[in-house]
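Chemist: Quick one: the structure is below, and I'll ask about it shortly.
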Amino acid sequence: MDLSFDLAKALDRTLTDAARRAGLTEAGFAPEVRPADPVHGDFQANGVLAYAKRQRQNPRALAEALVSQLDELAPLFGLAIAGPGFINFRLKPAALLAWLAAHSNREALAAGAAAAEQGHTVVVDYSSPNTAKQMHVGHLRSAVIGEAICRLLAFSGAKVVRDNHVGDWGTQFGKLIWAYKRQLDSAALARDPLEEFERLYKAGNSAAEADPTVLKEAQQELVKLQARDPENLGIWSRINEVSLFAFQEIYDQLGIRFDVTLGESFYNDKLEPVYRGLADSGLAEESQGALVVFHPEHPRFKTQPFIIRKSDGAANYATTDLATILYRTGPLHATDVLYVVDKRQSDHFEQLFLTARKWFEKMGGPLPRLRHLDFGTVLGENGKPLKTRSGENIRLKDLLAEAVERSYQLVSGKNPGLPEAERRAIARTVGVGSVQYADLSQNRSSDYVFSWHKMISLEGNTAAYLLYAVARIHSIFRKLDLRPGEAPGETGATAFETPAELALARKLVRFPDALAAATGTLRPHFLCTYLYELAGDFSTFYNADKVAVDEPAVRARRLLLCNRTLLLLETGLQLLGLRILTKM
RNA sequence: GGGGCGGUAGCUCAAUGGAUAGAGCAUCGGUCUUCGAAACCGAGGGUUGCGGGUUCGACCCCCGCCCGCCCCGCCA
């Protein structure tokens with residue numbers, strides 16, 4: 001066996017072959033290789049236990065037989081059979097060094113990782129705010145998690161299409177256009193367009209509520225827009241243009257750039273085939289004046305309809321979502337579509353996917369793998385959805401600004417000697433990164449409690465702690481007048497000896513497992529946990545073993561550890577969508 | 001009423017059916033004349049909501065119950 005990027009996978013193959021030679025052939029044998037508790041080793045194989053159970057054989061004897069066929073591993077691993085029949089593998093110090101030497105830069109990591117998702121074209125539908133409104137805290141998770149997932153998939157070899165499916169076509173435009181024509185404040189529009197659009201919408205809304213004549217006029221504006229009246233279409237398109245420009249300011253802070261922005265309006269002329277296709281195939285039926293799809297085999301959806309055309313004849317999001325699947329399957333050639341959307345919409349997606357599957361079966365076309373990547377709600381300290389004190393949604397713009405300001409206070413307190421401009425720049429990286437990391441480090445399915453104190457802290461699993469480790473490694477290289485990334489001072493490194501060196505080296509070698517866990521389950525928090533543990537092992541090493549010692553061989557191997565830790569921390573943080581720094 | 005998700009240390013959260021359930025915060029106690037102490041080391045803290053079941057092995061799978069949040073026809 002060679003020391004490839006993914007050692008667990010390589011071990012799995014080796015054990016599968018060895019099992020055949022050892023006679024473990026009945027009913028298939030799966031080695032079940034996984035990372036182990038460091039107390040026991042680096043990897044463990046549990047497959048013998050289940051196999052022995054099925055074959056009614058002694059698991060320890062089977063493990064002995066298997067291990068006797070693993071001589072080729074002896075140069076790399078210490079092997080041990082433990083407990084009822086676990087096989088433990090502990091990398092030898094020289095093998096640790098060899099793996100680290102072979103993966104010394106971003107390209108080597110990427111080359112190793114790229115096998116996992118090769119051949120997939122993944123459309124990721126994320127962020128997707130409504131135009132003419134501010135992005136608020138409710139839009140945070142989709143944007144942050146979606147971007148991290150895009151980066152993870154791309155690094156693992158997938159072709160990723162980032163699609164911002166904006167809500168740019170809704171009934172809100174009637175009232176908005178009504179108010180736009182009568183009450184537009186140009187100065188306010190120039191200053192903060194989304195603020196002005198929101199004001200106009202509220203003005204239109206309350207005017208319509210107070211006066212039925214206004215309501216009728218607003219409805220007329222909407223009808224005119226839908227009939228492609230040039231003036232209303234112009235206003236509408238200006239609103240969208242300005243909105244997207246404002247959104248991009250947020251996206252720039254979060255490091256997001258979409259490949260396509262195909263909002264609901266893009267599908268306006270692509271809805272007929274949906275109605276026709278579903279009606280002709282017999283999936284859709286009339287119910288209470290609407291066109292709906294029931295799923296008789298489903299306990300809930302046999303009575304809970306999927307409405308694809310409202311009783312007033314208008315489309316809704318179900319219609320555009322179906323049209324969107326057609327477009328992503330066709331022109332975008334998707335093999336996979338991921339919807340990074342609030343978990344409260346899970347019913348909708350379940351119905352959507354069920355309907356799409358049946359529809360595509362009738363059409364005879366292959367359906368991409370559709371998955372709803374749900375996420376929980378951001379809660380305040382009171383356990384309720386996060387709001388301002390007055391009960392308003394917190395604007396993303398304000399939230400990020402506050403994070404940056406709080407980080408600036410922290411940085412200025414800790415490192416007042418730095419020039420202000422530098423402290424400001426550091427605060428942007430730390431502040432925005434703290435918000436992103438707090439979101440990503442938690443299992444995405446759960447709700448989480450938003451806490452400035454926890455988020456912007458040097459203690460615990462935070463962005464600042466990780467960035468501090470990065471900054472400190474850079475500082476070592478600066479001190480020694482070396483430049484990281486050029487593998488400086490590594491030649492002549494001898495195998496690791498001290499407990500802290502060994503612990504750090506063994507953690508470094510686990511990077512592929514963390515990456516595979518995060519990408520395979522589309523849960524970035526697995527990578528966060530790994531990076532946090534890595535930074536912790538580095539800090540322990542840093543406190544225990546001095547890097548800048550006189551003995552050249554010891555110094556070389558410690559520099560190698562620093563360099564590789566830096567590489568993996570920086571790579572990992574960037575895969576999560578964070579920016580990095582060299583001082584803080 | 002039907003359904004989804006959750007309940008793990010005082011608090012916030014981890015944990016592919018695998019070995020003695022782990023971190024951080026908080027509490028208590030240590031470590032700076034030496035590469036950034038924004039850090040590190042250590043201690044205490046648990047009937048994994050309750051009761052059954054499956055399994056060599058269950059926080060994890062199955063059944064029942066309790067509690068919390070969310071969804072259930074024309075918003076997305």
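Letters for chains follow the order of the structure tokens (A, B, ...), residue numbers begin at 1 for each chain, and ligand numbers begin at 1 in the order shown.
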Identify all chain A residues at most 8 Å from chain B by counting only C-alpha atoms (C1' of nucleotides); ligands do not count. Present them as a PDB file with N, CA, C and O atoms, in the first residue's frame.

Modeler:
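What ended up in out.pdb:
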```pdb
ATOM      1  N   ASN A  46     -13.564  -2.471  11.895  1.00  0.00           N
ATOM      2  CA  ASN A  46     -14.535  -3.163  12.743  1.00  0.00           C
ATOM      3  C   ASN A  46     -15.253  -4.292  12.021  1.00  0.00           C
ATOM      4  O   ASN A  46     -16.069  -4.986  12.624  1.00  0.00           O
ATOM      5  N   LYS A  53     -20.055 -12.630  13.296  1.00  0.00           N
ATOM      6  CA  LYS A  53     -21.409 -12.849  13.799  1.00  0.00           C
ATOM      7  C   LYS A  53     -22.250 -13.582  12.744  1.00  0.00           C
ATOM      8  O   LYS A  53     -22.908 -14.582  13.033  1.00  0.00           O
ATOM      9  N   GLY A  83      -9.823  -6.007  22.055  1.00  0.00           N
ATOM     10  CA  GLY A  83     -11.209  -6.242  22.442  1.00  0.00           C
ATOM     11  C   GLY A  83     -11.779  -7.461  21.757  1.00  0.00           C
ATOM     12  O   GLY A  83     -11.080  -8.453  21.558  1.00  0.00           O
ATOM     13  N   ALA A 290     -58.275  25.145  -8.265  1.00  0.00           N
ATOM     14  CA  ALA A 290     -56.821  25.184  -8.461  1.00  0.00           C
ATOM     15  C   ALA A 290     -56.366  23.893  -9.140  1.00  0.00           C
ATOM     16  O   ALA A 290     -57.077  22.880  -9.122  1.00  0.00           O
ATOM     17  N   ARG A 300     -49.651  11.747   4.151  1.00  0.00           N
ATOM     18  CA  ARG A 300     -50.047  13.136   4.317  1.00  0.00           C
ATOM     19  C   ARG A 300     -50.458  13.784   2.996  1.00  0.00           C
ATOM     20  O   ARG A 300     -51.441  14.503   2.909  1.00  0.00           O
ATOM     21  N   GLN A 304     -53.073  16.488   1.434  1.00  0.00           N
ATOM     22  CA  GLN A 304     -52.468  17.823   1.431  1.00  0.00           C
ATOM     23  C   GLN A 304     -51.943  18.099   0.028  1.00  0.00           C
ATOM     24  O   GLN A 304     -50.959  17.508  -0.397  1.00  0.00           O
ATOM     25  N   PRO A 305     -52.595  18.987  -0.695  1.00  0.00           N
ATOM     26  CA  PRO A 305     -52.275  19.129  -2.116  1.00  0.00           C
ATOM     27  C   PRO A 305     -50.980  19.913  -2.367  1.00  0.00           C
ATOM     28  O   PRO A 305     -50.578  20.739  -1.545  1.00  0.00           O
ATOM     29  N   ILE A 307     -50.007  22.593  -4.793  1.00  0.00           N
ATOM     30  CA  ILE A 307     -50.753  23.498  -5.677  1.00  0.00           C
ATOM     31  C   ILE A 307     -49.814  24.061  -6.732  1.00  0.00           C
ATOM     32  O   ILE A 307     -48.860  24.763  -6.405  1.00  0.00           O
ATOM     33  N   ARG A 309     -51.156  25.552  -9.692  1.00  0.00           N
ATOM     34  CA  ARG A 309     -51.761  26.760 -10.271  1.00  0.00           C
ATOM     35  C   ARG A 309     -52.902  27.177  -9.376  1.00  0.00           C
ATOM     36  O   ARG A 309     -53.784  26.392  -9.067  1.00  0.00           O
ATOM     37  N   LYS A 310     -52.828  28.427  -8.948  1.00  0.00           N
ATOM     38  CA  LYS A 310     -53.821  28.919  -8.008  1.00  0.00           C
ATOM     39  C   LYS A 310     -55.170  29.071  -8.707  1.00  0.00           C
ATOM     40  O   LYS A 310     -55.255  29.104  -9.930  1.00  0.00           O
ATOM     41  N   SER A 311     -56.218  29.185  -7.885  1.00  0.00           N
ATOM     42  CA  SER A 311     -57.565  29.244  -8.463  1.00  0.00           C
ATOM     43  C   SER A 311     -57.753  30.516  -9.307  1.00  0.00           C
ATOM     44  O   SER A 311     -58.610  30.545 -10.174  1.00  0.00           O
ATOM     45  N   TYR A 317     -44.893  29.321  -6.226  1.00  0.00           N
ATOM     46  CA  TYR A 317     -43.508  28.847  -6.182  1.00  0.00           C
ATOM     47  C   TYR A 317     -43.381  27.389  -6.576  1.00  0.00           C
ATOM     48  O   TYR A 317     -42.329  26.962  -7.061  1.00  0.00           O
ATOM     49  N   ARG A 344     -38.226  24.689   7.614  1.00  0.00           N
ATOM     50  CA  ARG A 344     -39.677  24.812   7.679  1.00  0.00           C
ATOM     51  C   ARG A 344     -40.324  24.556   6.329  1.00  0.00           C
ATOM     52  O   ARG A 344     -41.526  24.339   6.229  1.00  0.00           O
ATOM     53  N   GLN A 345     -39.502  24.576   5.276  1.00  0.00           N
ATOM     54  CA  GLN A 345     -40.056  24.321   3.955  1.00  0.00           C
ATOM     55  C   GLN A 345     -39.904  22.862   3.524  1.00  0.00           C
ATOM     56  O   GLN A 345     -40.038  22.540   2.335  1.00  0.00           O
ATOM     57  N   ASP A 347     -41.768  20.233   3.886  1.00  0.00           N
ATOM     58  CA  ASP A 347     -42.953  19.667   3.243  1.00  0.00           C
ATOM     59  C   ASP A 347     -43.003  20.027   1.763  1.00  0.00           C
ATOM     60  O   ASP A 347     -43.277  19.181   0.916  1.00  0.00           O
ATOM     61  N   LYS A 414      -6.293  44.089  22.371  1.00  0.00           N
ATOM     62  CA  LYS A 414      -5.240  43.086  22.486  1.00  0.00           C
ATOM     63  C   LYS A 414      -3.937  43.528  21.824  1.00  0.00           C
ATOM     64  O   LYS A 414      -2.856  43.116  22.223  1.00  0.00           O
ATOM     65  N   GLN A 442     -21.883  24.706  13.781  1.00  0.00           N
ATOM     66  CA  GLN A 442     -23.010  24.002  14.378  1.00  0.00           C
ATOM     67  C   GLN A 442     -23.648  23.099  13.325  1.00  0.00           C
ATOM     68  O   GLN A 442     -23.707  23.462  12.163  1.00  0.00           O
ATOM     69  N   SER A 446     -29.869  21.913  13.237  1.00  0.00           N
ATOM     70  CA  SER A 446     -30.410  22.399  14.508  1.00  0.00           C
ATOM     71  C   SER A 446     -30.546  23.911  14.510  1.00  0.00           C
ATOM     72  O   SER A 446     -29.806  24.621  13.837  1.00  0.00           O
ATOM     73  N   VAL A 449     -28.359  29.276  19.083  1.00  0.00           N
ATOM     74  CA  VAL A 449     -28.525  30.514  19.835  1.00  0.00           C
ATOM     75  C   VAL A 449     -27.385  31.470  19.472  1.00  0.00           C
ATOM     76  O   VAL A 449     -26.212  31.136  19.588  1.00  0.00           O
ATOM     77  N   LEU A 458     -11.745  34.507  21.825  1.00  0.00           N
ATOM     78  CA  LEU A 458     -10.554  33.734  21.522  1.00  0.00           C
ATOM     79  C   LEU A 458     -10.653  32.348  22.108  1.00  0.00           C
ATOM     80  O   LEU A 458      -9.814  31.494  21.845  1.00  0.00           O
ATOM     81  N   GLU A 459     -11.640  32.140  22.942  1.00  0.00           N
ATOM     82  CA  GLU A 459     -11.740  30.877  23.653  1.00  0.00           C
ATOM     83  C   GLU A 459     -12.827  30.018  23.039  1.00  0.00           C
ATOM     84  O   GLU A 459     -13.905  30.492  22.715  1.00  0.00           O
ATOM     85  N   GLY A 460     -12.502  28.754  22.893  1.00  0.00           N
ATOM     86  CA  GLY A 460     -13.485  27.836  22.353  1.00  0.00           C
ATOM     87  C   GLY A 460     -13.410  27.749  20.831  1.00  0.00           C
ATOM     88  O   GLY A 460     -12.492  28.273  20.196  1.00  0.00           O
ATOM     89  N   ASN A 461     -14.392  27.086  20.275  1.00  0.00           N
ATOM     90  CA  ASN A 461     -14.438  26.770  18.851  1.00  0.00           C
ATOM     91  C   ASN A 461     -14.933  27.976  18.059  1.00  0.00           C
ATOM     92  O   ASN A 461     -16.083  28.034  17.649  1.00  0.00           O
ATOM     93  N   TYR A 465     -10.127  32.083  17.356  1.00  0.00           N
ATOM     94  CA  TYR A 465      -9.141  31.120  17.867  1.00  0.00           C
ATOM     95  C   TYR A 465      -8.351  30.499  16.722  1.00  0.00           C
ATOM     96  O   TYR A 465      -7.121  30.369  16.787  1.00  0.00           O
ATOM     97  N   TYR A 468      -6.143  33.102  15.092  1.00  0.00           N
ATOM     98  CA  TYR A 468      -5.003  33.384  15.955  1.00  0.00           C
ATOM     99  C   TYR A 468      -3.902  32.349  15.761  1.00  0.00           C
ATOM    100  O   TYR A 468      -2.717  32.686  15.687  1.00  0.00           O
ATOM    101  N   ARG A 472      -0.186  33.172  14.466  1.00  0.00           N
ATOM    102  CA  ARG A 472       0.991  32.844  15.266  1.00  0.00           C
ATOM    103  C   ARG A 472       1.998  32.024  14.452  1.00  0.00           C
ATOM    104  O   ARG A 472       3.207  32.188  14.601  1.00  0.00           O
ATOM    105  N   SER A 475       3.802  34.274  12.335  1.00  0.00           N
ATOM    106  CA  SER A 475       4.743  35.030  13.146  1.00  0.00           C
ATOM    107  C   SER A 475       6.063  34.268  13.332  1.00  0.00           C
ATOM    108  O   SER A 475       7.145  34.870  13.334  1.00  0.00           O
ATOM    109  N   ILE A 476       5.961  32.953  13.473  1.00  0.00           N
ATOM    110  CA  ILE A 476       7.169  32.137  13.607  1.00  0.00           C
ATOM    111  C   ILE A 476       8.035  32.281  12.358  1.00  0.00           C
ATOM    112  O   ILE A 476       9.254  32.497  12.436  1.00  0.00           O
ATOM    113  N   LYS A 479       9.681  35.616  12.182  1.00  0.00           N
ATOM    114  CA  LYS A 479      10.776  35.698  13.144  1.00  0.00           C
ATOM    115  C   LYS A 479      12.047  35.048  12.596  1.00  0.00           C
ATOM    116  O   LYS A 479      13.156  35.533  12.804  1.00  0.00           O
ATOM    117  N   SER A 539      -1.466  24.424  19.285  1.00  0.00           N
ATOM    118  CA  SER A 539      -1.160  25.270  20.444  1.00  0.00           C
ATOM    119  C   SER A 539      -0.435  24.484  21.528  1.00  0.00           C
ATOM    120  O   SER A 539       0.494  24.994  22.163  1.00  0.00           O
ATOM    121  N   THR A 540      -0.868  23.257  21.729  1.00  0.00           N
ATOM    122  CA  THR A 540      -0.191  22.406  22.707  1.00  0.00           C
ATOM    123  C   THR A 540       1.258  22.171  22.297  1.00  0.00           C
ATOM    124  O   THR A 540       2.180  22.301  23.116  1.00  0.00           O
ATOM    125  N   ASN A 543       3.397  25.272  22.727  1.00  0.00           N
ATOM    126  CA  ASN A 543       3.780  25.537  24.112  1.00  0.00           C
ATOM    127  C   ASN A 543       4.781  24.523  24.653  1.00  0.00           C
ATOM    128  O   ASN A 543       5.546  24.823  25.562  1.00  0.00           O
ATOM    129  N   LYS A 546       9.768  23.990  21.468  1.00  0.00           N
ATOM    130  CA  LYS A 546      10.236  25.192  20.766  1.00  0.00           C
ATOM    131  C   LYS A 546      10.643  24.845  19.339  1.00  0.00           C
ATOM    132  O   LYS A 546      11.307  23.831  19.096  1.00  0.00           O
ATOM    133  N   VAL A 547      10.202  25.673  18.399  1.00  0.00           N
ATOM    134  CA  VAL A 547      10.510  25.421  16.985  1.00  0.00           C
ATOM    135  C   VAL A 547      11.939  25.848  16.673  1.00  0.00           C
ATOM    136  O   VAL A 547      12.714  25.100  16.057  1.00  0.00           O
ATOM    137  N   ALA A 548      12.294  27.041  17.103  1.00  0.00           N
ATOM    138  CA  ALA A 548      13.582  27.614  16.711  1.00  0.00           C
ATOM    139  C   ALA A 548      14.713  27.089  17.594  1.00  0.00           C
ATOM    140  O   ALA A 548      15.352  27.828  18.340  1.00  0.00           O
TER     141      ALA A 548
END
```

Chemist: Write out as a compact mmCIF listing (two decimals) with C-alpha atoms (C1' of nucleotides), in the first residue's frame each polymer residue whose atoms come within 12 Å of G44 (chain B), counting only C-alpha atoms (C1' of nucleotides); drop sequence neighbours fewer than 3 positions from it.

Modeler:
```
# COMPACT_ATOMS: atom_id res chain seq x y z
C1' A B 9 -22.51 18.10 32.30
C1' U B 27 -16.15 27.25 38.83
C1' C B 28 -11.43 25.93 41.31
C1' G B 29 -5.93 25.39 40.93
```

Chemist: With only C-alpha atoms (C1' of nucleotides) as the counted atoms, please give the residues lying no more than 10 Å from region 325-328 of chain A, apart from itself and same-chain residues fewer than 6 positions off, as a PDB file with N, CA and C atoms, in the first residue's frame.

Modeler:
```pdb
ATOM      1  N   VAL A 122     -23.189  19.958  -9.993  1.00  0.00           N
ATOM      2  CA  VAL A 122     -24.096  20.241  -8.889  1.00  0.00           C
ATOM      3  C   VAL A 122     -24.581  21.682  -8.966  1.00  0.00           C
ATOM      4  N   VAL A 123     -25.876  21.847  -9.146  1.00  0.00           N
ATOM      5  CA  VAL A 123     -26.464  23.181  -9.044  1.00  0.00           C
ATOM      6  C   VAL A 123     -26.827  23.411  -7.585  1.00  0.00           C
ATOM      7  N   VAL A 161     -22.426  24.838  -9.956  1.00  0.00           N
ATOM      8  CA  VAL A 161     -23.117  26.008 -10.503  1.00  0.00           C
ATOM      9  C   VAL A 161     -23.850  26.692  -9.364  1.00  0.00           C
ATOM     10  N   ASP A 163     -26.345  29.160  -8.037  1.00  0.00           N
ATOM     11  CA  ASP A 163     -27.538  29.772  -8.612  1.00  0.00           C
ATOM     12  C   ASP A 163     -28.312  30.541  -7.541  1.00  0.00           C
ATOM     13  N   TYR A 267     -38.425  32.362 -15.179  1.00  0.00           N
ATOM     14  CA  TYR A 267     -39.235  31.195 -15.543  1.00  0.00           C
ATOM     15  C   TYR A 267     -40.652  31.557 -15.965  1.00  0.00           C
ATOM     16  N   LYS A 270     -41.737  29.898 -18.964  1.00  0.00           N
ATOM     17  CA  LYS A 270     -41.409  28.476 -18.995  1.00  0.00           C
ATOM     18  C   LYS A 270     -42.380  27.666 -18.127  1.00  0.00           C
ATOM     19  N   PRO A 273     -45.300  24.490 -20.004  1.00  0.00           N
ATOM     20  CA  PRO A 273     -44.979  23.051 -20.076  1.00  0.00           C
ATOM     21  C   PRO A 273     -45.206  22.334 -18.750  1.00  0.00           C
ATOM     22  N   VAL A 274     -45.118  23.061 -17.662  1.00  0.00           N
ATOM     23  CA  VAL A 274     -45.343  22.436 -16.355  1.00  0.00           C
ATOM     24  C   VAL A 274     -46.820  22.069 -16.209  1.00  0.00           C
ATOM     25  N   ALA A 334     -27.499  19.460 -14.865  1.00  0.00           N
ATOM     26  CA  ALA A 334     -27.248  19.081 -13.475  1.00  0.00           C
ATOM     27  C   ALA A 334     -27.375  17.577 -13.271  1.00  0.00           C
ATOM     28  N   THR A 335     -26.443  17.011 -12.528  1.00  0.00           N
ATOM     29  CA  THR A 335     -26.620  15.643 -12.028  1.00  0.00           C
ATOM     30  C   THR A 335     -27.175  15.682 -10.609  1.00  0.00           C
ATOM     31  N   ASP A 336     -26.963  16.824  -9.943  1.00  0.00           N
ATOM     32  CA  ASP A 336     -27.419  17.000  -8.567  1.00  0.00           C
ATOM     33  C   ASP A 336     -27.934  18.426  -8.409  1.00  0.00           C
ATOM     34  N   VAL A 337     -28.992  18.570  -7.641  1.00  0.00           N
ATOM     35  CA  VAL A 337     -29.457  19.909  -7.280  1.00  0.00           C
ATOM     36  C   VAL A 337     -29.615  19.961  -5.769  1.00  0.00           C
ATOM     37  N   LEU A 352     -42.405  18.557  -3.833  1.00  0.00           N
ATOM     38  CA  LEU A 352     -41.761  18.923  -5.096  1.00  0.00           C
ATOM     39  C   LEU A 352     -40.990  17.743  -5.671  1.00  0.00           C
ATOM     40  N   PHE A 353     -40.203  17.093  -4.828  1.00  0.00           N
ATOM     41  CA  PHE A 353     -39.355  16.004  -5.314  1.00  0.00           C
ATOM     42  C   PHE A 353     -40.208  14.809  -5.744  1.00  0.00           C
ATOM     43  N   ALA A 356     -41.785  15.719  -9.032  1.00  0.00           N
ATOM     44  CA  ALA A 356     -40.795  15.726 -10.112  1.00  0.00           C
ATOM     45  C   ALA A 356     -40.417  14.298 -10.508  1.00  0.00           C
ATOM     46  N   PHE A 360     -40.962  12.979 -14.248  1.00  0.00           N
ATOM     47  CA  PHE A 360     -39.839  12.567 -15.092  1.00  0.00           C
ATOM     48  C   PHE A 360     -39.963  11.106 -15.496  1.00  0.00           C
ATOM     49  N   LEU A 367     -33.837  12.091 -13.904  1.00  0.00           N
ATOM     50  CA  LEU A 367     -34.005  13.191 -12.968  1.00  0.00           C
ATOM     51  C   LEU A 367     -32.719  13.341 -12.168  1.00  0.00           C
ATOM     52  N   PRO A 368     -32.214  14.561 -12.019  1.00  0.00           N
ATOM     53  CA  PRO A 368     -31.030  14.743 -11.158  1.00  0.00           C
ATOM     54  C   PRO A 368     -31.361  14.331  -9.731  1.00  0.00           C
ATOM     55  N   LEU A 370     -32.100  15.201  -6.310  1.00  0.00           N
ATOM     56  CA  LEU A 370     -32.578  16.440  -5.694  1.00  0.00           C
ATOM     57  C   LEU A 370     -32.500  16.303  -4.186  1.00  0.00           C
TER      58      LEU A 370
END
```

Chemist: Given the choices A:Ala111, A:Val124, A:Met363, A:Val144, which gets closest to Tyr437 (chain A) if the distance is worked out from only C-alpha atoms?

Modeler: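 Of all the options, A:Val144 lies closest to Tyr437 (chain A).
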
Chemist: Using only C-alpha atoms (C1' of nucleotides), which residues sit within 8 Å of His372 (chain A) once same-chain residues fewer than 5 positions away are excluded, as a list in words?

Modeler: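 Counting only the stated atoms, we get Leu338, Tyr339, Val340, Val341, Ser346 and Phe349 of chain A.
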
Chemist: Kindly save the residues from that selection, with N, CA and C atoms included, as a PDB file, in the first residue's frame.

Modeler:
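Heads up, here's the output in result.pdb:
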```pdb
ATOM      1  N   LEU A 338     -29.001  20.981  -5.180  1.00  0.00           N
ATOM      2  CA  LEU A 338     -29.086  21.151  -3.728  1.00  0.00           C
ATOM      3  C   LEU A 338     -29.848  22.435  -3.426  1.00  0.00           C
ATOM      4  N   TYR A 339     -30.820  22.333  -2.549  1.00  0.00           N
ATOM      5  CA  TYR A 339     -31.597  23.495  -2.122  1.00  0.00           C
ATOM      6  C   TYR A 339     -31.224  23.822  -0.687  1.00  0.00           C
ATOM      7  N   VAL A 340     -30.511  24.908  -0.497  1.00  0.00           N
ATOM      8  CA  VAL A 340     -30.103  25.286   0.862  1.00  0.00           C
ATOM      9  C   VAL A 340     -31.169  26.229   1.403  1.00  0.00           C
ATOM     10  N   VAL A 341     -32.174  25.631   2.019  1.00  0.00           N
ATOM     11  CA  VAL A 341     -33.383  26.360   2.395  1.00  0.00           C
ATOM     12  C   VAL A 341     -33.825  25.933   3.796  1.00  0.00           C
ATOM     13  N   SER A 346     -39.646  21.993   4.471  1.00  0.00           N
ATOM     14  CA  SER A 346     -39.350  20.606   4.086  1.00  0.00           C
ATOM     15  C   SER A 346     -40.553  19.912   3.440  1.00  0.00           C
ATOM     16  N   PHE A 349     -40.599  20.787  -0.230  1.00  0.00           N
ATOM     17  CA  PHE A 349     -39.593  20.097  -1.045  1.00  0.00           C
ATOM     18  C   PHE A 349     -39.904  18.615  -1.180  1.00  0.00           C
TER      19      PHE A 349
END
```
